[in-house]
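Shown here: protein.csv, CSV, C-alpha atoms and all ligand atoms.
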```csv
chain,number,residue,atom,x,y,z
A,23,MET,CA,-21.3,3.5,8.8
A,24,LYS,CA,-23.0,0.3,9.8
A,25,ALA,CA,-20.6,-2.6,10.6
A,26,LEU,CA,-21.4,-5.9,8.9
A,27,ARG,CA,-20.5,-9.4,10.1
A,28,ASN,CA,-19.3,-12.5,8.2
A,29,PRO,CA,-21.5,-15.2,9.8
A,30,GLN,CA,-18.8,-17.9,9.2
A,31,SER,CA,-15.7,-16.3,10.6
A,32,GLY,CA,-17.2,-13.4,12.7
A,33,GLN,CA,-15.1,-11.0,10.7
A,34,ILE,CA,-16.5,-7.4,11.0
A,35,LEU,CA,-16.3,-4.7,8.3
A,36,ALA,CA,-17.8,-1.4,7.6
A,37,LEU,CA,-18.5,-1.0,3.9
A,38,ARG,CA,-17.2,2.3,2.7
A,39,ASP,CA,-19.4,2.3,-0.3
A,40,ARG,CA,-23.1,2.4,0.9
A,41,ARG,CA,-24.2,1.0,-2.5
A,42,LEU,CA,-22.8,-2.4,-1.5
A,43,TYR,CA,-25.3,-2.9,1.4
A,44,PRO,CA,-28.1,-4.4,-0.8
A,45,ILE,CA,-25.5,-6.8,-2.2
A,46,TYR,CA,-24.5,-7.7,1.4
A,47,GLU,CA,-28.2,-8.5,2.1
A,48,LYS,CA,-28.4,-10.7,-1.0
A,49,VAL,CA,-25.2,-12.5,-0.1
A,50,ILE,CA,-26.4,-13.2,3.4
A,51,GLU,CA,-29.7,-14.5,2.0
A,52,GLY,CA,-28.0,-16.6,-0.7
A,53,GLN,CA,-29.8,-14.6,-3.5
A,54,ARG,CA,-28.4,-14.5,-7.0
A,55,LEU,CA,-26.6,-11.3,-8.0
A,56,SER,CA,-27.8,-9.4,-11.1
A,57,PHE,CA,-25.9,-7.9,-14.0
A,58,GLU,CA,-26.1,-4.5,-12.3
A,59,ASP,CA,-24.8,-5.9,-9.1
A,60,GLY,CA,-21.8,-7.3,-11.0
A,61,LEU,CA,-21.1,-3.9,-12.6
A,62,LEU,CA,-21.2,-2.2,-9.3
A,63,LEU,CA,-18.7,-4.7,-7.8
A,64,TYR,CA,-16.3,-3.7,-10.6
A,65,GLU,CA,-17.1,0.0,-10.4
A,66,THR,CA,-16.8,0.6,-6.6
A,67,ASP,CA,-13.4,1.7,-5.2
A,68,ASP,CA,-14.2,-0.2,-2.0
A,69,LEU,CA,-12.2,-3.3,-2.9
A,70,ALA,CA,-11.9,-4.3,0.7
A,71,GLY,CA,-15.7,-4.3,0.8
A,72,VAL,CA,-16.0,-6.5,-2.3
A,73,GLY,CA,-13.4,-8.9,-0.9
A,74,PHE,CA,-15.3,-9.1,2.4
A,75,LEU,CA,-18.5,-10.0,0.6
A,76,ALA,CA,-16.7,-12.6,-1.6
A,77,ASN,CA,-15.1,-14.1,1.5
A,78,ILE,CA,-18.5,-14.7,3.1
A,79,VAL,CA,-19.5,-16.9,0.1
A,80,ARG,CA,-16.0,-18.5,0.0
A,81,GLU,CA,-16.2,-19.5,3.6
A,82,ARG,CA,-19.8,-20.7,3.3
A,83,ILE,CA,-18.9,-23.0,0.4
A,84,ASN,CA,-15.4,-24.1,1.3
A,85,GLY,CA,-14.8,-23.1,4.9
A,86,ASN,CA,-11.1,-22.5,5.7
A,87,LYS,CA,-9.9,-25.0,3.1
A,88,ALA,CA,-7.5,-24.1,0.3
A,89,TYR,CA,-7.2,-26.9,-2.3
A,90,TRP,CA,-4.1,-27.7,-4.1
A,91,VAL,CA,-3.1,-30.5,-6.5
A,92,ARG,CA,0.2,-32.2,-7.5
A,93,ASN,CA,0.2,-31.7,-11.2
A,94,GLN,CA,2.4,-31.5,-14.3
A,95,HIS,CA,1.6,-29.4,-17.3
A,96,LEU,CA,2.4,-30.7,-20.8
A,97,ASN,CA,2.2,-28.4,-23.8
A,98,TYR,CA,2.5,-30.8,-26.8
A,99,THR,CA,2.9,-28.2,-29.5
A,100,ASN,CA,3.2,-24.4,-29.9
A,101,ILE,CA,2.3,-24.5,-33.6
A,102,CYS,CA,-1.1,-22.7,-33.9
A,103,ASP,CA,-3.1,-21.3,-36.7
A,104,LYS,CA,-5.4,-19.1,-34.5
A,105,PHE,CA,-3.0,-16.1,-34.0
A,106,CYS,CA,-4.8,-14.8,-31.0
A,107,LYS,CA,-3.6,-11.3,-30.2
A,108,PHE,CA,-3.1,-11.8,-26.5
A,109,CYS,CA,-1.0,-15.0,-26.9
A,110,SER,CA,2.8,-15.1,-26.7
A,111,PHE,CA,3.0,-18.9,-26.8
A,112,TYR,CA,2.6,-19.8,-30.4
A,113,ALA,CA,5.6,-20.2,-32.8
A,114,LYS,CA,6.4,-17.1,-34.9
A,115,LYS,CA,9.3,-15.4,-36.7
A,116,GLY,CA,11.4,-13.7,-34.0
A,117,GLY,CA,9.4,-15.5,-31.3
A,118,PRO,CA,9.3,-19.1,-29.9
A,119,ALA,CA,10.7,-21.8,-32.3
A,120,PRO,CA,8.0,-24.3,-33.4
A,121,TYR,CA,7.9,-27.7,-31.8
A,122,VAL,CA,5.6,-30.8,-31.6
A,123,LEU,CA,6.5,-33.3,-28.9
A,124,SER,CA,7.1,-36.8,-30.1
A,125,MET,CA,5.8,-39.6,-28.0
A,126,GLU,CA,9.4,-40.3,-26.8
A,127,GLU,CA,9.6,-36.6,-25.7
A,128,VAL,CA,6.3,-36.9,-23.9
A,129,ARG,CA,7.6,-40.0,-22.1
A,130,GLN,CA,10.8,-38.3,-21.1
A,131,LYS,CA,9.0,-35.2,-19.8
A,132,LEU,CA,6.8,-37.5,-17.6
A,133,LEU,CA,9.7,-39.6,-16.5
A,134,ALA,CA,11.6,-36.5,-15.4
A,135,TYR,CA,9.2,-36.2,-12.5
A,136,ILE,CA,8.2,-39.8,-12.0
A,137,ASP,CA,9.4,-39.8,-8.4
A,138,ILE,CA,6.9,-37.1,-7.5
A,139,PRO,CA,3.4,-38.5,-6.6
A,140,ILE,CA,1.7,-36.4,-9.3
A,141,THR,CA,-2.1,-37.0,-9.6
A,142,GLU,CA,-3.0,-34.8,-12.5
A,143,ILE,CA,-1.4,-34.3,-16.0
A,144,HIS,CA,-2.8,-31.1,-17.5
A,145,ILE,CA,-2.4,-31.2,-21.3
A,146,VAL,CA,-3.0,-28.3,-23.8
A,147,GLY,CA,-1.4,-27.2,-27.0
A,148,GLY,CA,-1.7,-24.8,-29.9
A,149,ILE,CA,-4.2,-25.6,-32.7
A,150,HIS,CA,-1.9,-27.4,-35.1
A,151,PRO,CA,-3.7,-27.7,-38.4
A,152,ARG,CA,-1.9,-30.9,-39.5
A,153,LEU,CA,-1.7,-33.2,-36.5
A,154,PRO,CA,-3.6,-36.4,-37.3
A,155,TYR,CA,-6.4,-37.8,-35.0
A,156,GLN,CA,-4.0,-40.6,-34.1
A,157,TYR,CA,-1.6,-38.1,-32.5
A,158,TYR,CA,-4.1,-37.1,-29.8
A,159,LEU,CA,-5.0,-40.8,-29.1
A,160,ASP,CA,-1.3,-41.7,-28.8
A,161,LEU,CA,-0.7,-38.8,-26.6
A,162,LEU,CA,-3.3,-39.9,-24.1
A,163,ARG,CA,-2.2,-43.5,-24.3
A,164,THR,CA,1.4,-42.6,-23.7
A,165,VAL,CA,0.6,-40.6,-20.6
A,166,LYS,CA,-1.5,-43.5,-19.3
A,167,GLU,CA,1.3,-46.0,-19.9
A,168,VAL,CA,3.9,-43.9,-18.0
A,169,ARG,CA,1.5,-42.6,-15.3
A,170,PRO,CA,-1.4,-45.1,-15.1
A,171,ASN,CA,-2.9,-43.6,-12.0
A,172,ALA,CA,-2.8,-40.0,-12.9
A,173,HIS,CA,-6.0,-38.2,-14.1
A,174,ILE,CA,-5.6,-36.6,-17.5
A,175,LYS,CA,-7.1,-33.2,-17.8
A,176,ALA,CA,-6.7,-32.3,-21.5
A,177,PHE,CA,-7.9,-30.3,-24.5
A,178,THR,CA,-9.8,-27.1,-24.4
A,179,MET,CA,-13.1,-26.7,-26.3
A,180,ILE,CA,-11.0,-25.2,-29.1
A,181,GLU,CA,-8.7,-28.2,-29.3
A,182,LEU,CA,-11.7,-30.6,-29.2
A,183,GLN,CA,-13.2,-28.8,-32.2
A,184,GLN,CA,-9.9,-29.3,-34.1
A,185,ILE,CA,-9.6,-33.0,-33.0
A,186,GLN,CA,-13.2,-33.6,-34.2
A,187,LYS,CA,-12.3,-31.9,-37.5
A,188,VAL,CA,-9.4,-34.2,-38.2
A,189,ALA,CA,-11.2,-37.2,-36.8
A,190,LYS,CA,-14.1,-36.5,-39.3
A,191,LYS,CA,-16.6,-37.9,-36.8
A,192,PRO,CA,-19.3,-36.4,-34.5
A,193,LEU,CA,-18.0,-34.9,-31.3
A,194,GLU,CA,-19.8,-37.4,-29.2
A,195,GLU,CA,-18.0,-40.3,-30.9
A,196,VAL,CA,-14.7,-38.6,-30.6
A,197,LEU,CA,-15.3,-38.0,-26.9
A,198,ILE,CA,-16.0,-41.7,-26.3
A,199,GLU,CA,-12.7,-42.6,-28.1
A,200,LEU,CA,-10.7,-40.0,-26.2
A,201,ARG,CA,-12.2,-41.3,-22.9
A,202,GLU,CA,-11.2,-44.9,-23.8
A,203,ALA,CA,-7.7,-43.6,-24.5
A,204,GLY,CA,-7.5,-42.0,-21.0
A,205,LEU,CA,-9.1,-38.6,-21.1
A,206,GLY,CA,-10.6,-37.7,-17.7
A,207,SER,CA,-11.8,-34.1,-17.9
A,208,MET,CA,-11.1,-30.8,-19.7
A,209,PRO,CA,-9.2,-27.7,-18.6
A,210,GLY,CA,-10.8,-24.2,-18.7
A,211,GLY,CA,-8.7,-22.4,-21.3
A,212,GLY,CA,-9.6,-21.0,-24.7
A,213,VAL,CA,-12.8,-19.3,-23.9
A,214,GLU,CA,-11.1,-15.9,-23.1
A,215,VAL,CA,-14.2,-13.7,-22.7
A,216,LEU,CA,-17.6,-14.6,-24.2
A,217,SER,CA,-18.1,-11.4,-26.2
A,218,ASP,CA,-18.7,-10.9,-29.9
A,219,ARG,CA,-16.7,-7.7,-29.9
A,220,LEU,CA,-13.6,-9.3,-28.2
A,221,HIS,CA,-13.9,-12.4,-30.4
A,222,GLU,CA,-13.8,-10.1,-33.5
A,223,GLU,CA,-10.9,-8.0,-32.1
A,224,LEU,CA,-8.7,-10.6,-30.5
A,225,PHE,CA,-9.4,-14.2,-31.5
A,226,ASP,CA,-11.6,-14.2,-34.6
A,227,ARG,CA,-10.2,-17.5,-35.9
A,228,LYS,CA,-11.4,-19.4,-32.8
A,229,LEU,CA,-14.8,-20.7,-31.9
A,230,ASP,CA,-17.2,-17.9,-31.1
A,231,GLY,CA,-19.1,-17.7,-27.7
A,232,GLU,CA,-22.1,-19.6,-28.8
A,233,GLU,CA,-20.0,-22.4,-30.3
A,234,TRP,CA,-17.8,-22.6,-27.2
A,235,LEU,CA,-20.9,-22.9,-25.0
A,236,GLN,CA,-22.4,-25.5,-27.3
A,237,THR,CA,-19.2,-27.6,-27.2
A,238,ALA,CA,-19.0,-27.3,-23.4
A,239,ARG,CA,-22.7,-28.4,-23.2
A,240,THR,CA,-21.9,-31.5,-25.3
A,241,VAL,CA,-18.8,-32.3,-23.2
A,242,HIS,CA,-20.9,-32.1,-20.0
A,243,ARG,CA,-23.8,-34.1,-21.5
A,244,MET,CA,-21.2,-36.8,-22.3
A,245,GLY,CA,-20.4,-37.0,-18.6
A,246,PHE,CA,-17.2,-35.0,-18.5
A,247,ARG,CA,-16.5,-32.3,-16.0
A,248,SER,CA,-14.6,-29.2,-17.1
A,249,ASN,CA,-13.1,-25.9,-15.9
A,250,VAL,CA,-13.7,-22.5,-17.3
A,251,THR,CA,-11.5,-19.4,-17.4
A,252,MET,CA,-11.8,-15.7,-18.1
A,253,LEU,CA,-8.8,-13.8,-19.5
A,254,TYR,CA,-8.9,-10.2,-18.1
A,255,GLY,CA,-6.7,-7.2,-18.1
A,256,HIS,CA,-6.4,-6.5,-21.8
A,257,ILE,CA,-9.1,-4.5,-23.7
A,258,GLU,CA,-12.2,-6.1,-22.2
A,259,ARG,CA,-14.7,-3.9,-20.4
A,260,PRO,CA,-16.3,-4.6,-17.0
A,261,ASP,CA,-19.7,-5.2,-18.6
A,262,GLU,CA,-18.2,-7.8,-20.8
A,263,ARG,CA,-16.7,-9.6,-17.8
A,264,VAL,CA,-20.0,-9.6,-16.0
A,265,GLN,CA,-21.8,-10.8,-19.1
A,266,HIS,CA,-19.2,-13.6,-19.5
A,267,MET,CA,-19.9,-14.8,-15.9
A,268,ILE,CA,-23.6,-14.7,-16.4
A,269,ARG,CA,-23.4,-16.8,-19.6
A,270,ILE,CA,-21.3,-19.3,-17.8
A,271,ARG,CA,-23.7,-19.3,-14.8
A,272,GLU,CA,-26.6,-20.0,-17.1
A,273,LEU,CA,-24.8,-23.0,-18.7
A,274,GLN,CA,-23.9,-24.2,-15.2
A,275,ASP,CA,-27.6,-24.1,-14.2
A,276,GLU,CA,-28.3,-26.3,-17.2
A,277,THR,CA,-25.5,-28.9,-17.0
A,278,GLY,CA,-23.7,-28.6,-13.6
A,279,GLY,CA,-20.6,-29.6,-15.4
A,280,PHE,CA,-18.1,-26.8,-14.4
A,281,LEU,CA,-15.9,-27.7,-11.5
A,282,THR,CA,-13.8,-24.5,-11.2
A,283,PHE,CA,-13.8,-21.0,-12.5
A,284,ILE,CA,-10.3,-19.5,-13.1
A,285,PRO,CA,-9.8,-15.7,-13.7
A,286,LEU,CA,-6.6,-15.5,-15.7
A,287,SER,CA,-4.4,-12.5,-15.3
A,288,PHE,CA,-3.2,-11.3,-18.8
A,289,HIS,CA,0.6,-11.1,-19.5
A,290,PRO,CA,1.2,-8.7,-22.3
A,291,GLU,CA,4.9,-9.4,-22.8
A,292,GLY,CA,5.7,-11.0,-26.1
A,293,SER,CA,2.1,-10.7,-27.4
A,294,ALA,CA,0.6,-8.4,-30.1
A,295,LEU,CA,-0.8,-6.4,-27.1
A,296,ALA,CA,2.6,-5.9,-25.5
A,297,HIS,CA,2.0,-2.1,-25.4
A,298,LEU,CA,-0.7,-2.6,-22.7
A,299,PRO,CA,0.3,-2.4,-19.1
A,300,GLY,CA,-1.4,-5.6,-18.0
A,301,PRO,CA,-3.5,-6.0,-14.8
A,302,THR,CA,-2.3,-5.1,-11.3
A,303,GLY,CA,-2.6,-7.1,-8.1
A,304,TYR,CA,-5.6,-4.9,-7.3
A,305,ASP,CA,-7.3,-6.0,-10.5
A,306,ASP,CA,-6.4,-9.6,-9.8
A,307,LEU,CA,-8.1,-9.5,-6.4
A,308,ARG,CA,-11.2,-7.8,-7.8
A,309,ASN,CA,-11.7,-10.3,-10.6
A,310,ILE,CA,-11.4,-13.2,-8.1
A,311,ALA,CA,-13.9,-11.6,-5.8
A,312,VAL,CA,-16.4,-10.7,-8.4
A,313,ALA,CA,-16.2,-14.2,-9.8
A,314,ARG,CA,-16.9,-15.7,-6.4
A,315,LEU,CA,-19.9,-13.4,-5.9
A,316,MET,CA,-21.5,-13.8,-9.4
A,317,LEU,CA,-20.9,-17.6,-9.8
A,318,ASP,CA,-23.0,-18.9,-7.0
A,319,ASN,CA,-23.4,-22.3,-8.7
A,320,ILE,CA,-19.7,-23.0,-9.3
A,321,GLU,CA,-18.1,-24.6,-6.2
A,322,HIS,CA,-14.5,-23.5,-6.7
A,323,ILE,CA,-12.6,-20.4,-7.7
A,324,LYS,CA,-9.0,-20.9,-8.6
A,325,SER,CA,-6.2,-18.3,-8.1
A,326,PHE,CA,-3.6,-19.4,-10.7
A,327,TRP,CA,-0.4,-18.4,-8.9
A,328,VAL,CA,1.7,-18.7,-12.1
A,329,MET,CA,-0.1,-15.8,-13.7
A,330,ASN,CA,-1.0,-13.6,-10.7
A,331,THR,CA,2.1,-14.4,-8.5
A,332,PRO,CA,2.2,-16.5,-5.3
A,333,ALA,CA,1.9,-13.3,-3.2
A,334,VAL,CA,-1.4,-12.2,-4.8
A,335,THR,CA,-2.7,-15.8,-4.5
A,336,GLN,CA,-2.1,-15.7,-0.8
A,337,VAL,CA,-4.3,-12.6,-0.5
A,338,ALA,CA,-6.8,-14.0,-3.0
A,339,LEU,CA,-7.5,-16.8,-0.5
A,340,TRP,CA,-9.3,-14.1,1.5
A,341,TYR,CA,-10.9,-12.5,-1.6
A,342,GLY,CA,-13.0,-15.5,-2.8
A,343,ALA,CA,-10.4,-18.1,-4.0
A,344,ASP,CA,-10.3,-21.5,-2.4
A,345,ASP,CA,-7.9,-23.2,-4.9
A,346,VAL,CA,-4.3,-22.5,-5.9
A,347,ASP,CA,-3.9,-25.0,-8.7
A,348,GLY,CA,-0.7,-26.9,-8.1
A,349,THR,CA,3.0,-27.6,-8.2
A,350,ILE,CA,3.0,-27.3,-12.1
A,351,GLN,CA,6.6,-28.5,-12.9
A,352,GLU,CA,6.8,-26.7,-16.3
A,353,TYR,CA,4.6,-24.0,-17.7
A,354,GLU,CA,5.0,-22.6,-21.2
A,355,ILE,CA,2.0,-20.4,-22.0
A,356,THR,CA,3.2,-17.4,-20.1
A,357,ARG,CA,6.8,-18.3,-19.6
A,358,ASP,CA,9.0,-15.3,-20.1
A,359,PRO,CA,11.8,-16.6,-22.5
A,360,THR,CA,14.1,-13.7,-21.4
A,361,THR,CA,14.4,-15.1,-17.8
A,362,ASP,CA,15.0,-18.6,-16.5
A,363,ARG,CA,12.4,-18.1,-13.8
A,364,ARG,CA,11.1,-21.6,-13.2
A,365,GLN,CA,7.4,-21.8,-12.7
A,366,VAL,CA,7.5,-24.5,-10.1
A,367,LEU,CA,6.5,-24.7,-6.4
A,368,THR,CA,7.4,-27.7,-4.4
A,369,ARG,CA,4.8,-29.3,-2.2
A,370,GLU,CA,6.5,-27.7,0.8
A,371,GLN,CA,6.5,-24.3,-0.8
A,372,LEU,CA,2.8,-24.6,-1.7
A,373,LEU,CA,1.9,-25.7,1.8
A,374,GLU,CA,3.8,-22.8,3.3
A,375,LEU,CA,2.1,-20.4,0.9
A,376,ILE,CA,-1.3,-21.5,2.0
A,377,ARG,CA,-0.5,-21.8,5.8
A,378,GLU,CA,1.2,-18.4,5.8
A,379,ALA,CA,-1.9,-17.0,4.3
A,380,GLY,CA,-3.9,-18.4,7.2
A,381,ARG,CA,-5.8,-21.2,5.4
A,382,GLU,CA,-5.8,-24.9,5.7
A,383,PRO,CA,-4.1,-26.7,2.8
A,384,VAL,CA,-6.0,-29.7,1.4
A,385,GLU,CA,-4.5,-31.9,-1.3
A,386,ARG,CA,-7.1,-32.8,-3.9
A,387,ASP,CA,-7.3,-34.7,-7.1
A,388,THR,CA,-8.7,-33.1,-10.3
A,389,LEU,CA,-12.3,-33.9,-9.3
A,390,TYR,CA,-11.8,-32.5,-5.8
A,391,HIS,CA,-11.6,-35.9,-4.0
A,392,VAL,CA,-9.4,-35.2,-0.9
A,393,ILE,CA,-6.1,-37.1,-1.0
A,394,GLN,CA,-4.9,-38.7,2.2
A,395,ARG,CA,-1.3,-39.8,2.1
A,396,ASP,CA,0.7,-42.0,4.4
A,397,ALA,CA,4.1,-40.9,5.9
A,398,GLU,CA,5.9,-42.0,2.7
A,399,GLY,CA,3.7,-39.8,0.6
A,400,ALA,CA,1.8,-42.7,-1.0
A,401,VAL,CA,-2.0,-42.3,-1.5
A,402,ALA,CA,-3.6,-43.9,1.5
A,403,GLY,CA,-6.7,-46.2,1.3
A,501,LIG,O1,-6.5,-20.4,-23.0
A,501,LIG,C1,-2.9,-17.2,-23.3
A,501,LIG,C2,-4.5,-17.9,-21.5
A,501,LIG,C3,-5.0,-20.1,-21.2
A,501,LIG,C4,-1.9,-15.5,-22.3
A,501,LIG,O2,-8.4,-25.6,-16.2
A,501,LIG,C5,-2.8,-16.1,-21.4
A,501,LIG,O3,-7.3,-25.8,-14.3
A,501,LIG,C6,-2.3,-14.7,-19.8
A,501,LIG,O4,-6.5,-22.1,-19.4
A,501,LIG,N1,-1.4,-14.0,-20.6
A,501,LIG,C7,-4.4,-21.4,-20.9
A,501,LIG,N2,-3.0,-15.7,-20.2
A,501,LIG,C8,-4.3,-21.6,-19.4
A,501,LIG,C9,-5.5,-22.2,-18.8
A,501,LIG,C10,-5.5,-22.8,-17.4
A,501,LIG,C11,-4.4,-22.5,-16.6
A,501,LIG,C12,-4.4,-23.1,-15.3
A,501,LIG,C13,-5.4,-24.0,-14.9
A,501,LIG,C14,-6.4,-24.3,-15.8
A,501,LIG,C15,-7.4,-25.3,-15.4
A,501,LIG,C16,-6.5,-23.7,-17.1
A,501,LIG,O5,-4.0,-19.1,-20.9
A,501,LIG,C17,-5.4,-19.8,-22.6
A,501,LIG,C18,-5.5,-18.3,-22.6
A,501,LIG,O6,-6.8,-17.9,-22.1
A,501,LIG,N3,-3.4,-17.1,-22.1
A,501,LIG,N4,-2.0,-16.2,-23.4
A,501,LIG,C19,-1.2,-14.4,-21.8
A,501,LIG,N5,-0.3,-13.8,-22.6
```
Could you render the structure from this file as structure tokens?
Ligand code: V47
Amino acid sequence: MKALRNPQSGQILALRDRRLYPIYEKVIEGQRLSFEDGLLLYETDDLAGVGFLANIVRERINGNKAYWVRNQHLNYTNICDKFCKFCSFYAKKGGPAPYVLSMEEVRQKLLAYIDIPITEIHIVGGIHPRLPYQYYLDLLRTVKEVRPNAHIKAFTMIELQQIQKVAKKPLEEVLIELREAGLGSMPGGGVEVLSDRLHEELFDRKLDGEEWLQTARTVHRMGFRSNVTMLYGHIERPDERVQHMIRIRELQDETGGFLTFIPLSFHPEGSALAHLPGPTGYDDLRNIAVARLMLDNIEHIKSFWVMNTPAVTQVALWYGADDVDGTIQEYEITRDPTTDRRQVLTREQLLELIREAGREPVERDTLYHVIQRDAEGAVAG
């Protein structure tokens, strides 16, 4: 077995699976990986080898840094007419009770954490068929009123389509108005896996892959940055995951608008797919690593600790991830209603998580500007 070297850290590893050597050569030379390479990265049982390769790219792009953000999530409604089979968040008989946050409730939720120097408010909700256009504008304006300095990352491509529908205007015009009301960028949810088969099987009422890509293209053309996710660990196949990444990579070549790719670890509990076992930590690490290797044109790979656990996120920082999302405050999409487990990490806990893993924590804002704070925690400069 030939030992290989990570040129950044000097880390040495012998790849157990010889088929990975040509991928190592490509990684060292900065060459793009093919669909077949992606399949092999999923197929091999040499996960340590895949992680080693991903770590080379991770350290080349982001060094030893692990980015984090002080954020608060707001889920304005759980009423949704899309009925995606993987989702446990939407209101249904015997499940979560329906709600729509009033502007007063939005204000209260923001005020509850007003003493924390949060820089990002992450807003998503179900696709409520009857919310008027004005609701979305009021939502953004209310957040800006209470937190004038925070960046608002809001509305997936699916929500944008709904907002455009109720606004009865071209998407471009709606985006201009949402920007004026305070919208800063878009989160990465809603895309799931770009595959016609999965669209048909799991989320046929939502935008299909082509429509999702077209919406993201428009959003980027209008000057917004956005994230992009991949929901894995349900009924998708490895070839569908690789194809998803390649389609995202192609759009990124065209627009450069994606900031971060986020593999999301599926939680079966409470969904129509509750009989499935869900992904393991081993699957989580592999998906992070393959994403890092395939998506050579996206700067950041996020390990979302809420879904894959803080422990897996620590290891993921050596398997391709350079971002751990944030302090969160409240998270509803995968909250298990049978426990009162709070999905919050304080700044200290998040810093400890990163340092314990052997990486250097760097606080960032949504657009990855580094945040320097003074001793009191105020943003410096
Ligand atoms: O779109 C729904 C997924 C997404 C489940 O952009 C589920 O920075 C797991 O997109 N198990 C919303 N996942 C979350 C999301 C996100 C999260 C963190 C950061 C960012 C970002 C984006 O959650 C949905 C869907 O893909 N989801 N149900 C479930 N049962």
* Return as a PyMOL selection string every polymer residue, whether protein, DNA or RNA, with at least one atom no more than 9 Å from an atom of ligand LIG 501 (chain A); count only C-alpha atoms and all ligand atoms. => chain A and resi 95+106-111+144+146-147+175-176+178+180+208-215+248-255+282-284+286-293+295-296+300+324-329+347-348+355-357+388
* Polymer residues at most 8 Å from Gln183 in chain A, all atoms listed in the file, same-chain spacing of 4 or more positions, as a list in words -> Met179, Lys187, Leu193 and Thr237 of chain A
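For the pair CA of Asn100 in chain A and CA of Gln156 in chain A, the interatomic distance is 18.2 Å.
Distance annotation: of A:Val392, A:Leu317, A:Ile145, A:Val366, the residue with the minimal separation from Asp275 in chain A is A:Leu317; atom set is all atoms listed in the file.
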* **Answer as a PyMOL selection string, residues within 8 Å of (-6.2, -33.6, -38.4) using only C-alpha atoms** => chain A and resi 151-155+184-185+187-189
Residues of the last selection are to be written out with C-alpha atoms, as an mmCIF file, in the frame of the given file.
```cif
data_model
loop_
_atom_site.group_PDB
_atom_site.id
_atom_site.type_symbol
_atom_site.label_atom_id
_atom_site.label_comp_id
_atom_site.auth_asym_id
_atom_site.auth_seq_id
_atom_site.Cartn_x
_atom_site.Cartn_y
_atom_site.Cartn_z
ATOM 1 C CA PRO A 151 -3.700 -27.700 -38.400
ATOM 2 C CA ARG A 152 -1.900 -30.900 -39.500
ATOM 3 C CA LEU A 153 -1.700 -33.200 -36.500
ATOM 4 C CA PRO A 154 -3.600 -36.400 -37.300
ATOM 5 C CA TYR A 155 -6.400 -37.800 -35.000
ATOM 6 C CA GLN A 184 -9.900 -29.300 -34.100
ATOM 7 C CA ILE A 185 -9.600 -33.000 -33.000
ATOM 8 C CA LYS A 187 -12.300 -31.900 -37.500
ATOM 9 C CA VAL A 188 -9.400 -34.200 -38.200
ATOM 10 C CA ALA A 189 -11.200 -37.200 -36.800
#
```
Mind listing whatever residues come within 7 Å of the point (-20.2, -24.2, -21.1)? Use only C-alpha atoms, file coordinates, and give them as a PDB file with C-alpha atoms, in the frame of the given file.
```pdb
ATOM      1  CA  TRP A 234     -17.800 -22.600 -27.200  1.00  0.00           C
ATOM      2  CA  LEU A 235     -20.900 -22.900 -25.000  1.00  0.00           C
ATOM      3  CA  GLN A 236     -22.400 -25.500 -27.300  1.00  0.00           C
ATOM      4  CA  ALA A 238     -19.000 -27.300 -23.400  1.00  0.00           C
ATOM      5  CA  ARG A 239     -22.700 -28.400 -23.200  1.00  0.00           C
ATOM      6  CA  ILE A 270     -21.300 -19.300 -17.800  1.00  0.00           C
ATOM      7  CA  LEU A 273     -24.800 -23.000 -18.700  1.00  0.00           C
ATOM      8  CA  GLN A 274     -23.900 -24.200 -15.200  1.00  0.00           C
TER       9      GLN A 274
END
```
Can you tell me, as a PDB file with C-alpha atoms, keeping the file's coordinate frame, what residues are no more than 8 Å from Phe246 in chain A when counting all atoms listed in the file, ignoring any on the same chain fewer than 2 positions away?
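Now in result-v6.pdb:
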```pdb
ATOM      1  CA  GLY A 206     -10.600 -37.700 -17.700  1.00  0.00           C
ATOM      2  CA  SER A 207     -11.800 -34.100 -17.900  1.00  0.00           C
ATOM      3  CA  MET A 208     -11.100 -30.800 -19.700  1.00  0.00           C
ATOM      4  CA  VAL A 241     -18.800 -32.300 -23.200  1.00  0.00           C
ATOM      5  CA  HIS A 242     -20.900 -32.100 -20.000  1.00  0.00           C
ATOM      6  CA  ARG A 243     -23.800 -34.100 -21.500  1.00  0.00           C
ATOM      7  CA  MET A 244     -21.200 -36.800 -22.300  1.00  0.00           C
ATOM      8  CA  SER A 248     -14.600 -29.200 -17.100  1.00  0.00           C
ATOM      9  CA  GLY A 279     -20.600 -29.600 -15.400  1.00  0.00           C
TER      10      GLY A 279
END
```
* Asked: What does the distance between CA of Arg27 in chain A and CA of Arg263 in chain A come to in Å, to one decimal place?
  ->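 A separation of 28.2 Å between them.
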* Structure fact -> Here CA of Asp344 in chain A and CA of Tyr89 in chain A stand apart by 6.2 Å
* Shortest interatomic distance to Val49 in chain A - which of A:Tyr353, A:Tyr135, A:Leu315, A:Ser124, counting all atoms listed in the file ->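 Going through A:Tyr353, A:Tyr135, A:Leu315, A:Ser124 one by one, the smallest distance to Val49 in chain A is for A:Leu315.
Of the residues under consideration (A:Gly303, A:Pro260, A:Gly85, A:Gly204), A:Pro260 shows the shortest atom-to-atom contact distance to Leu62 in chain A when counting all atoms listed in the file.
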* To do: Would you mind listing what lies within 12 Å of range 78-84 of chain A as a ChimeraX atom specification, with only C-alpha atoms counted and same-chain residues fewer than 6 positions away left out?
  => /A:26-35,45-54,71-72,310-324,338-345,381-384,390
Selection: 8 Å around Leu161 in chain A, all atoms listed in the file, excl. self and same-chain fewer than 4 positions, as a CSV table (one decimal) with C-alpha atoms, in the coordinates of the input:
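Saved file result.csv follows:
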```
chain,number,residue,atom,x,y,z
A,125,MET,CA,5.8,-39.6,-28.0
A,128,VAL,CA,6.3,-36.9,-23.9
A,157,TYR,CA,-1.6,-38.1,-32.5
A,165,VAL,CA,0.6,-40.6,-20.6
```
